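So this one's my_file33.pdb, PDB, C-alpha atoms:
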```
MODEL        1
ATOM      1  CA  MET G 228       0.000   0.000   0.000
ATOM      2  CA  ARG G 229       2.870   2.391   0.675
ATOM      3  CA  ASP G 230       3.932   2.974  -2.918
ATOM      4  CA  PHE G 231       5.007   6.543  -2.278
ATOM      5  CA  VAL G 232       6.821   8.116   0.645
ATOM      6  CA  LYS G 233       6.869  11.788  -0.350
ATOM      7  CA  ILE G 234       3.896  14.116  -0.279
ATOM      8  CA  GLN G 235       2.166  14.179  -3.672
ATOM      9  CA  THR G 236       0.537  17.344  -5.030
ATOM     10  CA  VAL G 237      -2.672  17.097  -7.042
ATOM     11  CA  VAL G 238      -4.404  20.035  -8.715
ATOM     12  CA  MET G 239      -8.104  19.310  -8.569
ATOM     13  CA  ASP G 240      -9.974  19.504 -11.857
ATOM     14  CA  ALA G 241     -12.860  21.989 -11.893
ATOM     15  CA  ALA G 242     -15.324  19.205 -12.770
ATOM     16  CA  LEU G 243     -14.350  17.267  -9.626
ATOM     17  CA  ILE G 244     -14.796  20.425  -7.537
ATOM     18  CA  VAL G 245     -18.329  20.802  -8.927
ATOM     19  CA  LYS G 246     -19.101  17.114  -8.354
ATOM     20  CA  ALA G 247     -17.860  17.220  -4.739
ATOM     21  CA  ARG G 248     -19.773  20.446  -4.023
ATOM     22  CA  SER G 249     -22.969  18.959  -5.461
ATOM     23  CA  PHE G 250     -22.556  15.858  -3.296
ATOM     24  CA  ALA G 251     -22.022  17.987  -0.196
ATOM     25  CA  ARG G 252     -25.200  19.956  -0.892
ATOM     26  CA  GLN G 253     -27.194  16.743  -1.325
ATOM     27  CA  VAL G 254     -25.826  14.953   1.735
ATOM     28  CA  THR G 255     -26.034  17.838   4.229
ATOM     29  CA  PRO G 256     -29.803  17.605   4.834
ATOM     30  CA  THR G 257     -29.386  13.916   5.708
ATOM     31  CA  VAL G 258     -26.870  14.662   8.484
ATOM     32  CA  GLY G 259     -27.227  18.344   9.213
ATOM     33  CA  SER G 260     -30.109  18.428  11.657
ATOM     34  CA  PRO G 261     -30.152  17.411  15.321
ATOM     35  CA  GLY G 262     -30.317  13.647  15.637
ATOM     36  CA  ASN G 263     -28.986  13.000  12.123
ATOM     37  CA  GLY G 264     -25.335  12.243  12.666
ATOM     38  CA  TYR G 265     -23.586  15.358  13.935
ATOM     39  CA  ARG G 266     -25.182  15.277  17.388
ATOM     40  CA  ASP G 267     -21.944  14.370  19.180
ATOM     41  CA  THR G 268     -20.047  17.279  17.632
ATOM     42  CA  ASN G 269     -22.484  19.975  18.719
ATOM     43  CA  GLN G 270     -22.193  21.143  15.129
ATOM     44  CA  TYR G 271     -25.459  22.485  13.751
ATOM     45  CA  ASN G 272     -24.060  25.022  11.289
ATOM     46  CA  LEU G 273     -25.277  23.612   7.980
ATOM     47  CA  GLN G 274     -22.743  25.614   5.985
ATOM     48  CA  LYS G 275     -19.880  24.127   8.064
ATOM     49  CA  ILE G 276     -21.317  20.611   7.726
ATOM     50  CA  GLU G 277     -21.658  21.034   3.971
ATOM     51  CA  ASN G 278     -18.104  22.320   3.658
ATOM     52  CA  ASP G 279     -16.788  19.401   5.750
ATOM     53  CA  HIS G 280     -18.400  16.945   3.305
ATOM     54  CA  PHE G 281     -17.076  18.888   0.320
ATOM     55  CA  VAL G 282     -13.514  18.932   1.661
ATOM     56  CA  SER G 283     -13.704  15.228   2.532
ATOM     57  CA  LYS G 284     -14.800  14.259  -0.962
ATOM     58  CA  ILE G 285     -12.046  16.394  -2.521
ATOM     59  CA  GLY G 286      -9.515  14.555  -0.358
ATOM     60  CA  GLU G 287     -10.860  11.177  -1.454
ATOM     61  CA  GLU G 288     -10.645  12.196  -5.115
ATOM     62  CA  SER G 289      -7.055  13.394  -4.728
ATOM     63  CA  VAL G 290      -5.978  10.115  -3.115
ATOM     64  CA  ARG G 291      -7.765   8.176  -5.867
ATOM     65  CA  ILE G 292      -5.871  10.174  -8.491
ATOM     66  CA  VAL G 293      -2.485   9.510  -6.854
ATOM     67  CA  PHE G 294      -3.046   5.754  -6.597
ATOM     68  CA  GLU G 295      -4.424   5.495 -10.129
ATOM     69  CA  GLN G 296      -1.376   7.378 -11.449
ATOM     70  CA  LEU G 297       0.743   4.725  -9.712
ATOM     71  CA  GLY G 298      -1.120   2.040 -11.653
ATOM     72  CA  HIS G 299      -3.474   0.798  -8.948
ATOM     73  CA  GLN G 300      -7.120  -0.095  -9.326
ATOM     74  CA  VAL G 301      -9.214   2.137  -7.048
ATOM     75  CA  GLN G 302     -12.856   1.792  -6.031
ATOM     76  CA  GLY G 303     -14.499   5.004  -4.867
ATOM     77  CA  PRO G 304     -15.173   7.623  -3.860
ATOM     78  CA  ASP G 305     -18.792   6.777  -3.135
ATOM     79  CA  TYR G 306     -21.175   9.564  -4.160
ATOM     80  CA  ARG G 307     -24.370   7.886  -3.056
ATOM     81  CA  VAL G 308     -26.447   9.784  -0.511
ATOM     82  CA  TYR G 309     -27.610   7.515   2.293
ATOM     83  CA  ASP G 310     -30.379   8.137   4.777
ATOM     84  CA  GLY G 311     -29.840   7.810   8.520
ATOM     85  CA  LYS G 312     -29.182   4.199   9.434
ATOM     86  CA  GLN G 313     -27.906   3.316   5.931
ATOM     87  CA  LYS G 314     -24.731   5.330   6.553
ATOM     88  CA  SER G 315     -21.717   3.190   7.255
ATOM     89  CA  TRP G 316     -18.116   3.284   8.390
ATOM     90  CA  ASP G 317     -16.865   1.487   5.271
ATOM     91  CA  SER G 318     -13.484   2.519   3.909
ATOM     92  CA  ASP G 319     -13.492   5.668   1.790
ATOM     93  CA  LEU G 320     -11.545   3.963  -0.993
ATOM     94  CA  TYR G 321     -10.402   0.474  -1.888
ATOM     95  CA  VAL G 322      -6.961   0.273  -3.476
ATOM     96  CA  ASN G 323      -6.537  -3.137  -5.094
ATOM     97  CA  THR G 324      -9.365  -4.292  -2.740
ATOM     98  CA  ILE G 325      -7.551  -3.032   0.403
ATOM     99  CA  GLY G 326      -9.595  -0.542   2.427
ATOM    100  CA  LEU G 327      -8.188   2.950   2.818
ATOM    101  CA  ALA G 328      -9.566   5.743   4.994
ATOM    102  CA  VAL G 329      -8.992   9.324   3.878
ATOM    103  CA  LYS G 330      -8.834  12.290   6.249
ATOM    104  CA  THR G 331      -8.705  15.779   4.802
ATOM    105  CA  GLN G 332      -8.219  19.207   6.324
ATOM    106  CA  ALA G 333      -8.681  22.517   4.556
ATOM    107  CA  SER G 334      -5.650  24.803   4.606
ATOM    108  CA  SER G 335      -7.769  27.581   6.123
ATOM    109  CA  LEU G 336      -8.441  25.417   9.192
ATOM    110  CA  ALA G 337      -4.819  24.276   9.312
ATOM    111  CA  ARG G 338      -3.792  27.917   9.700
ATOM    112  CA  LYS G 339      -6.116  28.217  12.710
ATOM    113  CA  PHE G 340      -5.546  24.904  14.481
ATOM    114  CA  GLY G 341      -2.392  23.430  12.987
ATOM    115  CA  LEU G 342      -2.333  20.884  10.183
ATOM    116  CA  SER G 343      -4.177  17.923  11.637
ATOM    117  CA  TRP G 344      -6.819  15.306  10.938
ATOM    118  CA  THR G 345      -9.711  14.308  13.166
ATOM    119  CA  PHE G 346     -11.156  10.931  14.101
ATOM    120  CA  GLN G 347     -14.472  10.385  15.882
ATOM    121  CA  ALA G 348     -13.702   8.982  19.332
ATOM    122  CA  GLY G 349     -16.743   9.736  21.473
ATOM    123  CA  SER G 350     -19.100   7.529  23.414
ATOM    124  CA  TYR G 351     -21.902   8.033  20.862
ATOM    125  CA  ARG G 352     -19.833   7.738  17.686
ATOM    126  CA  LYS G 353     -16.379   6.185  17.334
ATOM    127  CA  ASP G 354     -14.510   5.548  14.132
ATOM    128  CA  PRO G 355     -14.007   1.749  14.056
ATOM    129  CA  ILE G 356     -10.659   2.221  12.320
ATOM    130  CA  LEU G 357      -9.239   3.251  15.713
ATOM    131  CA  ASN G 358      -9.604  -0.399  16.788
ATOM    132  CA  LYS G 359      -7.862  -1.753  13.673
ATOM    133  CA  ALA G 360      -4.111  -1.357  14.133
ATOM    134  CA  ASP G 361      -3.324  -2.622  10.629
ATOM    135  CA  ALA G 362      -5.883  -0.400   8.847
ATOM    136  CA  TRP G 363      -4.574   2.173   6.371
ATOM    137  CA  VAL G 364      -5.258   5.907   6.223
ATOM    138  CA  CYS G 365      -4.118   8.712   3.908
ATOM    139  CA  PHE G 366      -4.022  12.331   5.043
ATOM    140  CA  VAL G 367      -4.696  15.258   2.728
ATOM    141  CA  GLU G 368      -4.393  19.028   3.001
ATOM    142  CA  PHE G 369      -6.712  20.889   0.606
ATOM    143  CA  ASN G 370      -5.948  24.481  -0.330
ATOM    144  CA  GLU G 371      -9.302  25.883  -1.397
ATOM    145  CA  ALA G 372      -7.792  28.989  -3.014
ATOM    146  CA  THR G 373      -5.422  27.126  -5.344
ATOM    147  CA  ARG G 374      -7.362  23.818  -5.639
ATOM    148  CA  HIS G 375      -4.149  22.007  -4.681
ATOM    149  CA  CYS G 376      -4.218  18.889  -2.530
ATOM    150  CA  ARG G 377      -1.157  17.657  -0.696
ATOM    151  CA  VAL G 378      -1.545  13.891  -0.326
ATOM    152  CA  TYR G 379       0.550  12.292   2.410
ATOM    153  CA  PRO G 380       1.735   8.692   2.052
ATOM    154  CA  PRO G 381      -0.510   6.064   3.638
ATOM    155  CA  TYR G 382       0.024   5.073   7.255
ATOM    156  CA  GLN G 383      -1.297   2.251   9.365
ATOM    157  CA  ILE G 384      -3.200   3.195  12.503
ATOM    158  CA  LYS G 385      -0.545   1.531  14.681
ATOM    159  CA  GLU G 386       2.054   3.988  13.325
ATOM    160  CA  LEU G 387       0.166   7.102  14.384
ATOM    161  CA  THR G 388       0.315   9.239  17.507
ATOM    162  CA  PHE G 389      -3.100  10.525  18.537
ATOM    163  CA  GLY G 390      -3.511  13.777  20.419
ATOM    164  CA  GLU G 391      -6.285  15.933  21.772
ATOM    165  CA  PRO G 392      -8.065  18.542  19.666
ATOM    166  CA  LYS G 393      -7.222  22.192  20.311
ATOM    167  CA  LEU G 394     -10.898  23.117  20.710
ATOM    168  CA  VAL G 395     -11.876  22.317  24.295
ATOM    169  CA  ARG G 396     -15.462  21.430  23.315
ATOM    170  CA  LEU G 397     -14.154  18.588  21.101
ATOM    171  CA  LYS G 398     -12.036  16.915  23.769
ATOM    172  CA  GLY G 399     -13.485  13.568  24.721
ATOM    173  CA  SER G 400     -15.280  13.101  21.400
ATOM    174  CA  LYS G 401     -12.379  13.398  18.939
ATOM    175  CA  LYS G 402      -8.801  12.246  18.552
ATOM    176  CA  VAL G 403      -6.408  14.150  16.324
ATOM    177  CA  VAL G 404      -3.276  13.316  14.365
ATOM    178  CA  TYR G 405      -1.049  16.365  13.951
ATOM    179  CA  ALA G 406       1.166  16.602  10.853
ATOM    180  CA  GLU G 407       4.278  17.163  12.945
ATOM    181  CA  SER G 408       3.678  13.838  14.707
ATOM    182  CA  LEU G 409       3.621  11.773  11.494
ATOM    183  CA  PRO G 410       6.422   9.229  11.371
ATOM    184  CA  ASN G 411       8.778   8.972   8.451
ATOM    185  CA  PRO G 412       7.605   5.930   6.508
TER     186      PRO G 412
ENDMDL
END
```
If you convert what's in this file into structure tokens, what do you get?
Amino acid sequence: MRDFVKIQTVVMDAALIVKARSFARQVTPTVGSPGNGYRDTNQYNLQKIENDHFVSKIGEESVRIVFEQLGHQVQGPDYRVYDGKQKSWDSDLYVNTIGLAVKTQASSLARKFGLSWTFQAGSYRKDPILNKADAWVCFVEFNEATRHCRVYPPYQIKELTFGEPKLVRLKGSKKVVYAESLPNP
């Protein structure tokens, strides 16, 4: 899975930006109200929720592009909109049938909180990948102004150091991987 060890830069095509934005607009009503999936984050700002989904999908597309350029077969991203209980914690992508999670942070947020990626780790909602030491994850930084994605090489969960979020209200419900804590592959 670790076919590259240096950060890869991908310039996102305008059509993929439109596709990701459209998905985010469609999915937000299915998660963006109390009781529909963001309850544990205390996040009810629909614009923020929509942007989170947009940024996530852009990250998935950038990772797909990198692996396809390396000659791998990639399944995903999934653009289906699921209702409530249909939502799952399946891998974001499958690279040669191996599951791969993708975590993306916008550069604007990185400037505020430090370049980092968040995992659900609360009592109500916990990312199952945290219990899978051998699972793979790719981290992405998305610069909205330039449409550039910086795709980090994949890591296994067991290689990562998890910290606390900088926002006090998120402590106890999230775990964070900070860019400066990433090991050299």
Non-local contacts of Lys284 of chain G (12 Å; all atoms listed in the file; under 6 positions in same chain excluded) as number ranges by chain: G: 239, 243-252, 254, 277-278, 290-291, 303-307, 319-320, 328-333, 367, 369, 376
For atom CA of Tyr351 of chain G and atom CA of Leu397 of chain G, the interatomic separation in Å (one decimal): 13.1 Å
Residues selected by the PyMOL selection byres ((chain G and resi 230) around 9), written as a list in words: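 Here the PyMOL selection byres ((chain G and resi 230) around 9) matches Met228, Arg229, Phe231, Val232, Phe294, Leu297, Pro380 and Pro381 of chain G.
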Restrict the selected residues to C-alpha atoms and save them as a JSON list (two decimals), keeping the file's coordinate frame.
```json
[["chain", "number", "residue", "atom", "x", "y", "z"],
["G", 228, "MET", "CA", 0.00, 0.00, 0.00],
["G", 229, "ARG", "CA", 2.87, 2.39, 0.68],
["G", 231, "PHE", "CA", 5.01, 6.54, -2.28],
["G", 232, "VAL", "CA", 6.82, 8.12, 0.64],
["G", 294, "PHE", "CA", -3.05, 5.75, -6.60],
["G", 297, "LEU", "CA", 0.74, 4.72, -9.71],
["G", 380, "PRO", "CA", 1.74, 8.69, 2.05],
["G", 381, "PRO", "CA", -0.51, 6.06, 3.64]]
```
Hits from the PyMOL selection byres ((chain G and resi 342) around 12), listed as a PyMOL selection string: chain G and resi 330-341+343-345+366-370+377+379+392-393+403-409
Store the residues of this selection in a file with C-alpha atoms, as a CSV table (one decimal), in the frame of the given file.
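So again-v9.csv came out as:
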```csv
chain,number,residue,atom,x,y,z
G,330,LYS,CA,-8.8,12.3,6.2
G,331,THR,CA,-8.7,15.8,4.8
G,332,GLN,CA,-8.2,19.2,6.3
G,333,ALA,CA,-8.7,22.5,4.6
G,334,SER,CA,-5.6,24.8,4.6
G,335,SER,CA,-7.8,27.6,6.1
G,336,LEU,CA,-8.4,25.4,9.2
G,337,ALA,CA,-4.8,24.3,9.3
G,338,ARG,CA,-3.8,27.9,9.7
G,339,LYS,CA,-6.1,28.2,12.7
G,340,PHE,CA,-5.5,24.9,14.5
G,341,GLY,CA,-2.4,23.4,13.0
G,343,SER,CA,-4.2,17.9,11.6
G,344,TRP,CA,-6.8,15.3,10.9
G,345,THR,CA,-9.7,14.3,13.2
G,366,PHE,CA,-4.0,12.3,5.0
G,367,VAL,CA,-4.7,15.3,2.7
G,368,GLU,CA,-4.4,19.0,3.0
G,369,PHE,CA,-6.7,20.9,0.6
G,370,ASN,CA,-5.9,24.5,-0.3
G,377,ARG,CA,-1.2,17.7,-0.7
G,379,TYR,CA,0.6,12.3,2.4
G,392,PRO,CA,-8.1,18.5,19.7
G,393,LYS,CA,-7.2,22.2,20.3
G,403,VAL,CA,-6.4,14.2,16.3
G,404,VAL,CA,-3.3,13.3,14.4
G,405,TYR,CA,-1.0,16.4,14.0
G,406,ALA,CA,1.2,16.6,10.9
G,407,GLU,CA,4.3,17.2,12.9
G,408,SER,CA,3.7,13.8,14.7
G,409,LEU,CA,3.6,11.8,11.5
```
Point-to-point distance from atom CA of Asp240 of chain G to atom CA of Arg374 of chain G, Å rounded to tenths: 8.0 Å
Using 3 Å of padding on each side, determine the axis-aligned box around all atoms of segment 382-395 of chain G present in the file and give its centre and edge lengths in Å to one decimal, as AutoDock Vina command-line options.
```
--center_x -4.9 --center_y 12.3 --center_z 15.8 --size_x 19.9 --size_y 27.6 --size_z 23.0
```
Who sits within 8 Å of Ala360 of chain G, only C-alpha atoms, same chain under 4 positions skipped, as a PDB file with C-alpha atoms, keeping the file's coordinate frame:
```pdb
ATOM      1  CA  ILE G 356     -10.659   2.221  12.320  1.00  0.00           C
ATOM      2  CA  GLN G 383      -1.297   2.251   9.365  1.00  0.00           C
ATOM      3  CA  ILE G 384      -3.200   3.195  12.503  1.00  0.00           C
ATOM      4  CA  LYS G 385      -0.545   1.531  14.681  1.00  0.00           C
TER       5      LYS G 385
END
```
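Note that the spacing between atom CA of Val308 of chain G and atom CA of Lys275 of chain G amounts to 18.0 Å.
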Residue with smallest distance to Arg352 of chain G - pool G:Lys401, G:Glu386, G:Ala241, G:Tyr309, counting all atoms listed in the file: G:Lys401
Minimum-distance residue to Val378 of chain G, chosen among G:Val364, G:Ile276, G:Leu357, G:Leu394 (using only C-alpha atoms): G:Val364
Distance criterion (only C-alpha atoms): nearest to Asn358 of chain G out of G:Glu295, G:Phe346, G:Val258, G:Thr236: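 Of all the options, G:Phe346 lies closest to Asn358 of chain G.
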Pick from G:Leu273, G:Gln253, G:Ala362, G:Ala348 nearest to Gly390 of chain G, counting all atoms listed in the file: G:Ala348
Selection: 7 Å around Tyr321 of chain G, all atoms listed in the file, excl. self and same-chain fewer than 6 positions, as a VMD selection string: chain G and resid 301 to 303 327
